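These notes are about the structure you will find just below.
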Amino acid sequence: MIGKLYRVWPQPGPLLRVWLLTGAMAVLQGLLLGLLVPILRALLRAEPDFAAATPWLVTGAVGLLVYGALSVIVMPVTFTAHMALASQLRQHLMRHVTTLPLGWFTGQRKGKFVRTVTNVTGVLAQLTVTVGAEALTGVLVPVTIVAVTFVVDWRLAIPLLATVPLALLALRRSWRTTASVSDDMEVAANEVAGRAIEFGQAQPVLRAAGHGTTGTARMREALDDHRERYRRGLRRMLFPDLSYSGVVMAGYAVVLVLAVQFLLNGSLVAVDTIALLVLAVRFVEPLGGTIDHASGLGAMDYLATRVENLQRTPTLPHSPNPVRRVEEASIEFSHVTFSYGEKPALSDVSFRCPAGTTTALVGPSGSGKTTVTRLVARFFDVDSGSVRVGGVDVREYDHPALLSDIAIVFQDVYLFDTTIEENLRLANPDATREELEAAARAARLDEVVERLPDGWNTRVGEGGMQLSGGERQRVSIARAFLKRARIVLIDEAASALDPENEGAVSQAIVNLARDPQRTVIVIAHRPATLAAADHVVALDAGRVTETGSPTELLRTGGTFARLYNQYEHARSWHVTT
């Protein structure tokens with residue numbers, strides 16, 4: 001575990017200082033206890049020899065002063081180390097996550113990453129400097145006492161020495177069991193947390209159904225499962241804990257029996273017997289008390305493994321000589337195959353988008369349209385084939401340089417809990433007021449700003465919850481205008497919007513596509529958006545089924561024509577009803 005902890009911390013200096021101070025105090029404690037032997041030998045004679053005891057008493061007094069000074073020093077060092085370790089680990093994980101493929105950020109992984117950065121790092125840092133220090137003391141004090149006992153009587157040192165590795169093996173089993181139980185409990189805790197959030201969010205529905213106080217069956221099942229896992233965990237930890245205590249007490253019992261036997265047969269004097277039994281008691285206390293930290297050690301092992309797994313998440317491969325500038329904005333897929341799992345999402349896909357053109361991707365749900373946009377931005381690397389931007393394989397680019405020339409309008413837009421202006425300035429922090437207003441007009445965002453109570457200074461709430469879906473989309477498109485990226489990827493921005501917002505967003509996309517210097521790939525089925533496209537790529541089951549201009553493909557009666565007619569029919573039915 002020590003090696004694992006050392007690997008987890010980017011800069012283990014604070015941890016090493018705590019461990020060195022703790023180790024020094026533990027060894028000093030054992031040596032001070034060892035002074036009982038010469039002191040008792042001098043004082044428990046028929047005629048006490050105070051002259052012989054004095055040097056040892058002085059040494060003990062100095063040792064106690066040093067121990068007290070170390071105790072005073074170790075407290076602020078421990079607190080500082082806790083804060084420093086947590087801070088540096090959070091910063092390290094934040095830096096590491098910026099190097100991961102953007103496709104890694106699924107909802108589940110994002111939630112786990114947030115919990116790791118906000119909670120796990122702090123708990124791990126605290127356990128490492130507190131429980132880790134206690135465990136170190138629980139081992140080093142007994143080991144030092146064993147060394148002292150060897151000097152006095154090696155026969156009693158042997159069973160003490162044998163007890164240490166046996167106890168550590170039992171302790172290792174105990175903390176591994178605890179780590180396994182912690183893993184099992186987190187699954188249940190996450191399920192309970194999810195059901196609790198659902199319980200809060202779904203109160204109107206639950207109350208209407210008469211379950212406002214009892215919750216759903218899934219919530220009750222999650223609570224029952226959590227309770228059962230907790231009971232099972234306690235049962236699993238019982239035997240390893242008792243085994244450890246049994247090993248430690250057995251070692252002490254052997255020493256006690258041997259000491260009495262040696263005393264009775266005259267091979268050990270009474271003074272040394274008393275001193276050695278005192279040492280044996282002090283051997284048992286810290287070593288036996290270590291089992292109280294087994295749960296902490298198990299939790300520490302589990303959390304360190306969790307952090308280490310995140311640290312080992314592979315980053316995007318880097319070219320040894322990366323291209324740092326996109327010369328021109330053409331996009332080309334050449335025999336691209338890519339899969340998220342066993343089933344390919346794209347199979348042998350090839351098409352080209354010349355610089356300054358607009359390409360519409362159409363196809364049924366699951367046909368691979370979103371995957372195309374993700375591969376352009378290098379959320380993932382292809383399994384085979386190549387994706388080229390400006391004639392250069394995206395894997396050859398410096399990734400930040402590539403993304404600096406790409407703007408992405410996601411289907412689900414996330415806005416930060418700040419003002420409209422600050423959310424827009426993410427695309428270009430140095431933009432002038434005129435540039436902001438021009439981008440807003442082009443994206444039809446100016447209409448939204450005008451009706452908001454505080455205009456540009458209106459806070460949008462967490463995730464942009466104060467705005468409608470269409471209004472959030474307009475902010476996202478305005479970012480694309482403000483960024484002046486030469487490549488814009490739009491993922492069904494007008495889906496599931498009311499007619500007013502659909503029309504505004506579609507018009508904003510058309511405005512984006514009018515720039516002859518900008519290459520646009522848009523996933524959409526709206527006629528206004530399709531009318532602005534120079535050509536269409538139709539996908540079905542991850543394969544390109546047809547390409548051409550919208551007019552040409554409407555005449556062929558293929559995938560594009562079928563989807564277009566379905567949308568027009570649904571739109572006409574909606575208008576008439």
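Note on naming: chains are A, B, ... as they come in the structure tokens, residues start from 1 per chain, ligands start from 1 in the order shown.
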request  = Write out as a ChimeraX atom specification each polymer residue whose atoms come within 10 Å of range 326-338 of chain A, counting only C-alpha atoms; drop sequence neighbours fewer than 3 positions from it.
outcome  = /A:323,341-357,368,371-372,375-376,380-394,397-398,401-406,485-488,517-521,542-543
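Residues within 7 Å of range 243-245 of chain A, counting only C-alpha atoms and excluding same-chain residues fewer than 6 positions away, are Ala167, Ala170, Leu171 and Gly288 of chain A.
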Could you give me, as a tab-separated table, a per-residue list for range 269-295 of chain A showing, wherever an atom lies at most 7 Å from an atom of range 27-51 of chain A, the closest pair of atoms and their distance in Å to one decimal, using only C-alpha atoms and sorting by chain then residue number from low to high?
```
residue	atom	partner	partner_atom	distance
A:Val271	CA	A:Arg41	CA	6.1
A:Asp272	CA	A:Val37	CA	6.5
A:Ala275	CA	A:Val37	CA	5.6
A:Leu279	CA	A:Leu33	CA	6.8
```
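Between CA of Phe113 in chain A and CA of Asn428 in chain A the interatomic distance comes to 27.5 Å.
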request  = Looking only at helix (DSSP H, G or I) from DSSP on the backbone, list the matching residues of range 286-465 of chain A as a ChimeraX atom specification.
outcome  = /A:286-311,369-376,394-396,399-403,420-425,433-442,446-451,455-457,462-464
inquiry  = Residues within 8 Å of range 561-564 of chain A, please, as a ChimeraX atom specification. Count only C-alpha atoms; anything in the same chain fewer than 4 positions from it doesn't count.
reply    = /A:362-364,525,527,553-557,568
request  = Could you please determine the separation between CA of Asp412 in chain A and CA of Lys369 in chain A in Å, to one decimal place?
outcome  = 15.4 Å
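Shortest atom-to-atom contact with Glu308 in chain A among A:Ala478, A:Leu124, A:Leu160, A:Val248: A:Leu124, counting only C-alpha atoms.
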Strand (DSSP E) call set, DSSP backbone run, range 358-505 of chain A, as an mmCIF file with all heavy atoms, in the first residue's frame:
```cif
data_model
loop_
_atom_site.group_PDB
_atom_site.id
_atom_site.type_symbol
_atom_site.label_atom_id
_atom_site.label_comp_id
_atom_site.auth_asym_id
_atom_site.auth_seq_id
_atom_site.Cartn_x
_atom_site.Cartn_y
_atom_site.Cartn_z
ATOM 1 N N THR A 358 -21.210 23.892 -46.689
ATOM 2 C CA THR A 358 -22.066 23.392 -45.625
ATOM 3 C C THR A 358 -22.547 22.003 -46.004
ATOM 4 O O THR A 358 -23.113 21.804 -47.084
ATOM 5 C CB THR A 358 -23.275 24.305 -45.401
ATOM 6 O OG1 THR A 358 -22.810 25.594 -44.979
ATOM 7 C CG2 THR A 358 -24.195 23.742 -44.331
ATOM 8 N N THR A 359 -22.316 21.060 -45.107
ATOM 9 C CA THR A 359 -22.726 19.672 -45.335
ATOM 10 C C THR A 359 -23.758 19.284 -44.296
ATOM 11 O O THR A 359 -23.541 19.468 -43.090
ATOM 12 C CB THR A 359 -21.525 18.716 -45.236
ATOM 13 O OG1 THR A 359 -20.563 19.063 -46.229
ATOM 14 C CG2 THR A 359 -21.957 17.265 -45.427
ATOM 15 N N ALA A 360 -24.879 18.755 -44.751
ATOM 16 C CA ALA A 360 -25.926 18.282 -43.854
ATOM 17 C C ALA A 360 -25.808 16.769 -43.713
ATOM 18 O O ALA A 360 -25.727 16.049 -44.722
ATOM 19 C CB ALA A 360 -27.300 18.658 -44.385
ATOM 20 N N LEU A 361 -25.786 16.302 -42.474
ATOM 21 C CA LEU A 361 -25.803 14.868 -42.207
ATOM 22 C C LEU A 361 -27.228 14.466 -41.857
ATOM 23 O O LEU A 361 -27.844 15.060 -40.962
ATOM 24 C CB LEU A 361 -24.873 14.514 -41.030
ATOM 25 C CG LEU A 361 -23.386 14.833 -41.186
ATOM 26 C CD1 LEU A 361 -22.633 14.425 -39.921
ATOM 27 C CD2 LEU A 361 -22.786 14.115 -42.387
ATOM 28 N N VAL A 362 -27.752 13.488 -42.558
ATOM 29 C CA VAL A 362 -29.109 13.031 -42.291
ATOM 30 C C VAL A 362 -29.091 11.524 -42.120
ATOM 31 O O VAL A 362 -28.175 10.839 -42.566
ATOM 32 C CB VAL A 362 -30.079 13.419 -43.428
ATOM 33 C CG1 VAL A 362 -30.135 14.923 -43.593
ATOM 34 C CG2 VAL A 362 -29.691 12.734 -44.731
ATOM 35 N N SER A 384 -9.959 2.503 -37.784
ATOM 36 C CA SER A 384 -9.209 2.392 -39.041
ATOM 37 C C SER A 384 -9.634 3.519 -39.962
ATOM 38 O O SER A 384 -10.668 4.158 -39.762
ATOM 39 C CB SER A 384 -9.462 1.032 -39.710
ATOM 40 O OG SER A 384 -10.829 0.878 -40.056
ATOM 41 N N GLY A 385 -8.824 3.776 -40.992
ATOM 42 C CA GLY A 385 -9.075 4.904 -41.873
ATOM 43 C C GLY A 385 -8.505 6.176 -41.279
ATOM 44 O O GLY A 385 -7.675 6.153 -40.362
ATOM 45 N N SER A 386 -8.972 7.305 -41.788
ATOM 46 C CA SER A 386 -8.452 8.578 -41.287
ATOM 47 C C SER A 386 -9.488 9.682 -41.431
ATOM 48 O O SER A 386 -10.343 9.645 -42.318
ATOM 49 C CB SER A 386 -7.179 8.979 -42.045
ATOM 50 O OG SER A 386 -7.462 9.192 -43.417
ATOM 51 N N VAL A 387 -9.392 10.657 -40.518
ATOM 52 C CA VAL A 387 -10.176 11.887 -40.591
ATOM 53 C C VAL A 387 -9.184 13.017 -40.778
ATOM 54 O O VAL A 387 -8.277 13.195 -39.961
ATOM 55 C CB VAL A 387 -11.001 12.108 -39.312
ATOM 56 C CG1 VAL A 387 -11.782 13.418 -39.397
ATOM 57 C CG2 VAL A 387 -11.953 10.933 -39.064
ATOM 58 N N ARG A 388 -9.351 13.786 -41.852
ATOM 59 C CA ARG A 388 -8.407 14.858 -42.150
ATOM 60 C C ARG A 388 -9.105 16.215 -42.101
ATOM 61 O O ARG A 388 -10.222 16.376 -42.579
ATOM 62 C CB ARG A 388 -7.782 14.665 -43.534
ATOM 63 C CG ARG A 388 -6.896 13.442 -43.644
ATOM 64 C CD ARG A 388 -6.197 13.400 -45.005
ATOM 65 N NE ARG A 388 -5.265 12.294 -45.115
ATOM 66 C CZ ARG A 388 -5.581 11.073 -45.490
ATOM 67 N NH1 ARG A 388 -6.847 10.808 -45.840
ATOM 68 N NH2 ARG A 388 -4.666 10.128 -45.556
ATOM 69 N N VAL A 389 -8.415 17.163 -41.526
ATOM 70 C CA VAL A 389 -8.843 18.558 -41.524
ATOM 71 C C VAL A 389 -7.733 19.363 -42.168
ATOM 72 O O VAL A 389 -6.581 19.312 -41.735
ATOM 73 C CB VAL A 389 -9.102 19.061 -40.088
ATOM 74 C CG1 VAL A 389 -9.329 20.569 -40.087
ATOM 75 C CG2 VAL A 389 -10.305 18.341 -39.485
ATOM 76 N N VAL A 392 -4.701 17.299 -43.229
ATOM 77 C CA VAL A 392 -3.836 16.709 -42.193
ATOM 78 C C VAL A 392 -4.690 15.818 -41.298
ATOM 79 O O VAL A 392 -5.770 16.212 -40.859
ATOM 80 C CB VAL A 392 -3.149 17.807 -41.352
ATOM 81 C CG1 VAL A 392 -2.301 17.186 -40.244
ATOM 82 C CG2 VAL A 392 -2.305 18.697 -42.245
ATOM 83 N N ASP A 393 -4.192 14.618 -41.039
ATOM 84 C CA ASP A 393 -4.873 13.706 -40.128
ATOM 85 C C ASP A 393 -5.024 14.390 -38.758
ATOM 86 O O ASP A 393 -4.059 14.951 -38.228
ATOM 87 C CB ASP A 393 -4.061 12.411 -39.979
ATOM 88 C CG ASP A 393 -4.858 11.292 -39.313
ATOM 89 O OD1 ASP A 393 -5.440 11.531 -38.245
ATOM 90 O OD2 ASP A 393 -4.889 10.168 -39.864
ATOM 91 N N ILE A 406 -12.285 25.031 -34.170
ATOM 92 C CA ILE A 406 -13.558 24.309 -34.277
ATOM 93 C C ILE A 406 -14.525 24.836 -33.225
ATOM 94 O O ILE A 406 -14.167 24.991 -32.063
ATOM 95 C CB ILE A 406 -13.355 22.784 -34.067
ATOM 96 C CG1 ILE A 406 -12.499 22.196 -35.198
ATOM 97 C CG2 ILE A 406 -14.697 22.064 -34.004
ATOM 98 C CD1 ILE A 406 -12.197 20.715 -35.024
ATOM 99 N N ALA A 407 -15.738 25.126 -33.646
ATOM 100 C CA ALA A 407 -16.812 25.473 -32.716
ATOM 101 C C ALA A 407 -17.863 24.372 -32.797
ATOM 102 O O ALA A 407 -18.180 23.884 -33.887
ATOM 103 C CB ALA A 407 -17.427 26.821 -33.064
ATOM 104 N N ILE A 408 -18.365 23.956 -31.636
ATOM 105 C CA ILE A 408 -19.334 22.865 -31.586
ATOM 106 C C ILE A 408 -20.609 23.362 -30.930
ATOM 107 O O ILE A 408 -20.579 23.930 -29.832
ATOM 108 C CB ILE A 408 -18.780 21.658 -30.801
ATOM 109 C CG1 ILE A 408 -17.407 21.245 -31.347
ATOM 110 C CG2 ILE A 408 -19.747 20.491 -30.859
ATOM 111 C CD1 ILE A 408 -16.735 20.161 -30.526
ATOM 112 N N VAL A 409 -21.720 23.157 -31.600
ATOM 113 C CA VAL A 409 -23.034 23.473 -31.040
ATOM 114 C C VAL A 409 -23.695 22.137 -30.699
ATOM 115 O O VAL A 409 -24.154 21.416 -31.579
ATOM 116 C CB VAL A 409 -23.894 24.265 -32.038
ATOM 117 C CG1 VAL A 409 -25.264 24.575 -31.429
ATOM 118 C CG2 VAL A 409 -23.191 25.545 -32.462
ATOM 119 N N ILE A 487 -14.380 26.051 -38.640
ATOM 120 C CA ILE A 487 -15.143 24.803 -38.733
ATOM 121 C C ILE A 487 -16.190 24.820 -37.635
ATOM 122 O O ILE A 487 -15.878 25.032 -36.464
ATOM 123 C CB ILE A 487 -14.222 23.572 -38.577
ATOM 124 C CG1 ILE A 487 -13.217 23.513 -39.732
ATOM 125 C CG2 ILE A 487 -15.046 22.288 -38.507
ATOM 126 C CD1 ILE A 487 -12.175 22.436 -39.575
ATOM 127 N N VAL A 488 -17.445 24.610 -38.002
ATOM 128 C CA VAL A 488 -18.537 24.578 -37.030
ATOM 129 C C VAL A 488 -19.270 23.249 -37.177
ATOM 130 O O VAL A 488 -19.661 22.859 -38.278
ATOM 131 C CB VAL A 488 -19.520 25.750 -37.243
ATOM 132 C CG1 VAL A 488 -20.663 25.663 -36.233
ATOM 133 C CG2 VAL A 488 -18.797 27.085 -37.110
ATOM 134 N N LEU A 489 -19.439 22.566 -36.057
ATOM 135 C CA LEU A 489 -20.136 21.283 -36.009
ATOM 136 C C LEU A 489 -21.413 21.482 -35.205
ATOM 137 O O LEU A 489 -21.368 21.910 -34.048
ATOM 138 C CB LEU A 489 -19.257 20.212 -35.350
ATOM 139 C CG LEU A 489 -17.831 20.090 -35.908
ATOM 140 C CD1 LEU A 489 -17.018 19.123 -35.068
ATOM 141 C CD2 LEU A 489 -17.863 19.629 -37.360
ATOM 142 N N ILE A 490 -22.556 21.189 -35.808
ATOM 143 C CA ILE A 490 -23.850 21.444 -35.172
ATOM 144 C C ILE A 490 -24.614 20.130 -35.059
ATOM 145 O O ILE A 490 -24.893 19.480 -36.068
ATOM 146 C CB ILE A 490 -24.675 22.468 -35.978
ATOM 147 C CG1 ILE A 490 -23.857 23.751 -36.192
ATOM 148 C CG2 ILE A 490 -25.984 22.773 -35.279
ATOM 149 C CD1 ILE A 490 -24.508 24.747 -37.123
ATOM 150 N N ASP A 491 -24.939 19.762 -33.812
ATOM 151 C CA ASP A 491 -25.583 18.476 -33.562
ATOM 152 C C ASP A 491 -27.057 18.667 -33.237
ATOM 153 O O ASP A 491 -27.437 18.873 -32.086
ATOM 154 C CB ASP A 491 -24.869 17.771 -32.393
ATOM 155 C CG ASP A 491 -25.373 16.346 -32.195
ATOM 156 O OD1 ASP A 491 -26.322 15.946 -32.884
ATOM 157 O OD2 ASP A 491 -24.817 15.639 -31.329
#
```
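Among A:Ser367, A:Ser468, A:Thr178, A:Gln311, the residue with the shortest atom-to-atom distance to Gly298 in chain A, counting only C-alpha atoms, is A:Thr178.
Across the model, the gap from CA of Val260 in chain A to CA of Phe283 in chain A is 17.6 Å.
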key: Residue neighbourhood Thr128 in chain A, 9 Å, only C-alpha atoms, exclusion window fewer than 2 positions, as a list of chain:residue names   = A:Leu5, A:Leu15, A:His82, A:Val123, A:Leu124, A:Ala125, A:Gln126, A:Thr130, A:Val131, A:Gly132, A:Ala133, A:Leu297, A:Met300
Could those residues be written to a file, using all heavy atoms, as an mmCIF file, in the first residue's frame?
```cif
data_model
loop_
_atom_site.group_PDB
_atom_site.id
_atom_site.type_symbol
_atom_site.label_atom_id
_atom_site.label_comp_id
_atom_site.auth_asym_id
_atom_site.auth_seq_id
_atom_site.Cartn_x
_atom_site.Cartn_y
_atom_site.Cartn_z
ATOM 1 N N LEU A 5 0.343 4.490 -2.406
ATOM 2 C CA LEU A 5 0.154 5.857 -1.930
ATOM 3 C C LEU A 5 1.235 6.781 -2.477
ATOM 4 O O LEU A 5 0.967 7.930 -2.835
ATOM 5 C CB LEU A 5 0.164 5.884 -0.403
ATOM 6 C CG LEU A 5 -1.044 5.251 0.289
ATOM 7 C CD1 LEU A 5 -0.809 5.184 1.788
ATOM 8 C CD2 LEU A 5 -2.315 6.001 -0.026
ATOM 9 N N LEU A 15 3.798 14.211 2.482
ATOM 10 C CA LEU A 15 3.513 12.901 3.062
ATOM 11 C C LEU A 15 4.759 12.301 3.697
ATOM 12 O O LEU A 15 4.708 11.746 4.803
ATOM 13 C CB LEU A 15 2.960 11.978 1.979
ATOM 14 C CG LEU A 15 2.622 10.550 2.410
ATOM 15 C CD1 LEU A 15 1.569 10.557 3.496
ATOM 16 C CD2 LEU A 15 2.157 9.732 1.204
ATOM 17 N N HIS A 82 -2.099 17.464 5.054
ATOM 18 C CA HIS A 82 -3.450 17.100 4.626
ATOM 19 C C HIS A 82 -3.969 18.072 3.569
ATOM 20 O O HIS A 82 -4.438 17.664 2.499
ATOM 21 C CB HIS A 82 -4.373 17.075 5.850
ATOM 22 C CG HIS A 82 -5.822 16.954 5.519
ATOM 23 N ND1 HIS A 82 -6.825 17.415 6.338
ATOM 24 C CD2 HIS A 82 -6.456 16.440 4.429
ATOM 25 C CE1 HIS A 82 -7.997 17.182 5.796
ATOM 26 N NE2 HIS A 82 -7.805 16.601 4.633
ATOM 27 N N VAL A 123 -10.796 13.025 1.464
ATOM 28 C CA VAL A 123 -10.840 11.901 2.402
ATOM 29 C C VAL A 123 -9.546 11.100 2.340
ATOM 30 O O VAL A 123 -8.995 10.713 3.374
ATOM 31 C CB VAL A 123 -12.047 11.002 2.094
ATOM 32 C CG1 VAL A 123 -12.020 9.758 2.978
ATOM 33 C CG2 VAL A 123 -13.351 11.762 2.297
ATOM 34 N N LEU A 124 -9.042 10.866 1.120
ATOM 35 C CA LEU A 124 -7.802 10.105 0.977
ATOM 36 C C LEU A 124 -6.635 10.828 1.629
ATOM 37 O O LEU A 124 -5.801 10.206 2.309
ATOM 38 C CB LEU A 124 -7.512 9.852 -0.505
ATOM 39 C CG LEU A 124 -6.232 9.063 -0.818
ATOM 40 C CD1 LEU A 124 -6.253 7.702 -0.146
ATOM 41 C CD2 LEU A 124 -6.065 8.906 -2.323
ATOM 42 N N ALA A 125 -6.544 12.137 1.430
ATOM 43 C CA ALA A 125 -5.467 12.908 2.058
ATOM 44 C C ALA A 125 -5.551 12.829 3.577
ATOM 45 O O ALA A 125 -4.539 12.655 4.266
ATOM 46 C CB ALA A 125 -5.527 14.362 1.598
ATOM 47 N N GLN A 126 -6.765 12.940 4.104
ATOM 48 C CA GLN A 126 -6.942 12.880 5.559
ATOM 49 C C GLN A 126 -6.572 11.508 6.100
ATOM 50 O O GLN A 126 -5.859 11.394 7.106
ATOM 51 C CB GLN A 126 -8.389 13.213 5.915
ATOM 52 C CG GLN A 126 -8.646 13.212 7.421
ATOM 53 C CD GLN A 126 -10.100 13.491 7.755
ATOM 54 O OE1 GLN A 126 -10.967 13.374 6.905
ATOM 55 N NE2 GLN A 126 -10.372 13.853 8.989
ATOM 56 N N THR A 130 -3.490 10.664 8.751
ATOM 57 C CA THR A 130 -3.943 10.336 10.108
ATOM 58 C C THR A 130 -3.895 8.824 10.334
ATOM 59 O O THR A 130 -3.100 8.339 11.153
ATOM 60 C CB THR A 130 -5.362 10.861 10.337
ATOM 61 O OG1 THR A 130 -6.235 10.374 9.299
ATOM 62 C CG2 THR A 130 -5.385 12.371 10.337
ATOM 63 N N VAL A 131 -4.720 8.086 9.609
ATOM 64 C CA VAL A 131 -4.727 6.631 9.767
ATOM 65 C C VAL A 131 -3.376 6.041 9.360
ATOM 66 O O VAL A 131 -2.857 5.132 10.016
ATOM 67 C CB VAL A 131 -5.859 6.009 8.926
ATOM 68 C CG1 VAL A 131 -5.794 4.485 8.987
ATOM 69 C CG2 VAL A 131 -7.211 6.495 9.425
ATOM 70 N N GLY A 132 -2.793 6.583 8.289
ATOM 71 C CA GLY A 132 -1.481 6.088 7.863
ATOM 72 C C GLY A 132 -0.432 6.282 8.937
ATOM 73 O O GLY A 132 0.396 5.395 9.200
ATOM 74 N N ALA A 133 -0.464 7.432 9.600
ATOM 75 C CA ALA A 133 0.500 7.698 10.669
ATOM 76 C C ALA A 133 0.263 6.783 11.860
ATOM 77 O O ALA A 133 1.213 6.266 12.471
ATOM 78 C CB ALA A 133 0.404 9.158 11.091
ATOM 79 N N LEU A 297 -7.723 1.817 6.880
ATOM 80 C CA LEU A 297 -6.729 1.332 5.917
ATOM 81 C C LEU A 297 -7.401 0.752 4.683
ATOM 82 O O LEU A 297 -6.945 0.961 3.549
ATOM 83 C CB LEU A 297 -5.846 0.272 6.585
ATOM 84 C CG LEU A 297 -4.893 0.768 7.673
ATOM 85 C CD1 LEU A 297 -4.272 -0.404 8.417
ATOM 86 C CD2 LEU A 297 -3.801 1.643 7.069
ATOM 87 N N MET A 300 -8.692 3.604 2.718
ATOM 88 C CA MET A 300 -7.561 4.287 2.088
ATOM 89 C C MET A 300 -7.081 3.514 0.859
ATOM 90 O O MET A 300 -6.802 4.098 -0.191
ATOM 91 C CB MET A 300 -6.428 4.426 3.106
ATOM 92 C CG MET A 300 -5.253 5.260 2.637
ATOM 93 S SD MET A 300 -4.189 5.747 4.032
ATOM 94 C CE MET A 300 -3.705 4.148 4.676
#
```
Excluding range 448-457 of chain A and residues on its chain fewer than 5 positions from it, collect all residues at most 10 Å away from it, counting only C-alpha atoms, and give them as a PDB file with N, CA, C and O atoms, in the first residue's frame.
```
ATOM      1  N   THR A 418     -23.738  32.111 -14.540  1.00  0.00           N
ATOM      2  CA  THR A 418     -23.262  33.488 -14.548  1.00  0.00           C
ATOM      3  C   THR A 418     -24.105  34.246 -15.570  1.00  0.00           C
ATOM      4  O   THR A 418     -25.183  33.796 -15.943  1.00  0.00           O
ATOM      5  N   THR A 419     -23.646  35.392 -16.029  1.00  0.00           N
ATOM      6  CA  THR A 419     -24.466  36.220 -16.912  1.00  0.00           C
ATOM      7  C   THR A 419     -24.421  35.719 -18.349  1.00  0.00           C
ATOM      8  O   THR A 419     -23.550  34.940 -18.730  1.00  0.00           O
ATOM      9  N   ILE A 420     -25.371  36.210 -19.116  1.00  0.00           N
ATOM     10  CA  ILE A 420     -25.380  35.913 -20.558  1.00  0.00           C
ATOM     11  C   ILE A 420     -24.059  36.335 -21.195  1.00  0.00           C
ATOM     12  O   ILE A 420     -23.453  35.600 -21.974  1.00  0.00           O
ATOM     13  N   GLU A 421     -23.598  37.517 -20.836  1.00  0.00           N
ATOM     14  CA  GLU A 421     -22.369  38.037 -21.433  1.00  0.00           C
ATOM     15  C   GLU A 421     -21.178  37.139 -21.111  1.00  0.00           C
ATOM     16  O   GLU A 421     -20.382  36.812 -22.000  1.00  0.00           O
ATOM     17  N   GLU A 422     -21.046  36.752 -19.845  1.00  0.00           N
ATOM     18  CA  GLU A 422     -19.901  35.913 -19.466  1.00  0.00           C
ATOM     19  C   GLU A 422     -19.969  34.558 -20.156  1.00  0.00           C
ATOM     20  O   GLU A 422     -18.932  33.996 -20.551  1.00  0.00           O
ATOM     21  N   ASN A 423     -21.149  34.014 -20.308  1.00  0.00           N
ATOM     22  CA  ASN A 423     -21.282  32.743 -21.022  1.00  0.00           C
ATOM     23  C   ASN A 423     -20.873  32.878 -22.481  1.00  0.00           C
ATOM     24  O   ASN A 423     -20.272  31.974 -23.050  1.00  0.00           O
ATOM     25  N   LEU A 424     -21.193  34.024 -23.066  1.00  0.00           N
ATOM     26  CA  LEU A 424     -20.839  34.247 -24.462  1.00  0.00           C
ATOM     27  C   LEU A 424     -19.344  34.492 -24.613  1.00  0.00           C
ATOM     28  O   LEU A 424     -18.708  34.030 -25.574  1.00  0.00           O
ATOM     29  N   LEU A 436     -19.720  41.379 -29.579  1.00  0.00           N
ATOM     30  CA  LEU A 436     -20.731  40.626 -28.834  1.00  0.00           C
ATOM     31  C   LEU A 436     -22.117  40.843 -29.441  1.00  0.00           C
ATOM     32  O   LEU A 436     -22.877  39.888 -29.655  1.00  0.00           O
ATOM     33  N   GLU A 437     -22.436  42.096 -29.693  1.00  0.00           N
ATOM     34  CA  GLU A 437     -23.771  42.410 -30.210  1.00  0.00           C
ATOM     35  C   GLU A 437     -23.958  41.876 -31.622  1.00  0.00           C
ATOM     36  O   GLU A 437     -25.050  41.423 -31.984  1.00  0.00           O
ATOM     37  N   ALA A 440     -24.612  38.217 -31.327  1.00  0.00           N
ATOM     38  CA  ALA A 440     -25.959  38.007 -30.797  1.00  0.00           C
ATOM     39  C   ALA A 440     -27.006  38.201 -31.890  1.00  0.00           C
ATOM     40  O   ALA A 440     -27.966  37.424 -31.988  1.00  0.00           O
ATOM     41  N   LEU A 467     -33.143  29.763 -18.809  1.00  0.00           N
ATOM     42  CA  LEU A 467     -33.457  29.961 -20.221  1.00  0.00           C
ATOM     43  C   LEU A 467     -34.124  28.711 -20.779  1.00  0.00           C
ATOM     44  O   LEU A 467     -33.934  27.609 -20.268  1.00  0.00           O
ATOM     45  N   GLY A 470     -34.362  26.502 -26.554  1.00  0.00           N
ATOM     46  CA  GLY A 470     -34.040  27.273 -27.752  1.00  0.00           C
ATOM     47  C   GLY A 470     -33.158  28.469 -27.449  1.00  0.00           C
ATOM     48  O   GLY A 470     -32.275  28.822 -28.233  1.00  0.00           O
ATOM     49  N   GLU A 471     -33.400  29.115 -26.312  1.00  0.00           N
ATOM     50  CA  GLU A 471     -32.570  30.265 -25.939  1.00  0.00           C
ATOM     51  C   GLU A 471     -31.136  29.838 -25.621  1.00  0.00           C
ATOM     52  O   GLU A 471     -30.178  30.530 -25.970  1.00  0.00           O
ATOM     53  N   ARG A 472     -31.013  28.678 -24.983  1.00  0.00           N
ATOM     54  CA  ARG A 472     -29.654  28.169 -24.733  1.00  0.00           C
ATOM     55  C   ARG A 472     -28.948  27.852 -26.040  1.00  0.00           C
ATOM     56  O   ARG A 472     -27.748  28.082 -26.195  1.00  0.00           O
ATOM     57  N   ARG A 474     -29.355  29.387 -28.839  1.00  0.00           N
ATOM     58  CA  ARG A 474     -28.943  30.653 -29.454  1.00  0.00           C
ATOM     59  C   ARG A 474     -27.639  31.153 -28.826  1.00  0.00           C
ATOM     60  O   ARG A 474     -26.777  31.695 -29.528  1.00  0.00           O
ATOM     61  N   VAL A 475     -27.489  30.971 -27.512  1.00  0.00           N
ATOM     62  CA  VAL A 475     -26.223  31.337 -26.864  1.00  0.00           C
ATOM     63  C   VAL A 475     -25.084  30.506 -27.446  1.00  0.00           C
ATOM     64  O   VAL A 475     -24.004  31.026 -27.745  1.00  0.00           O
TER      65      VAL A 475
END
```
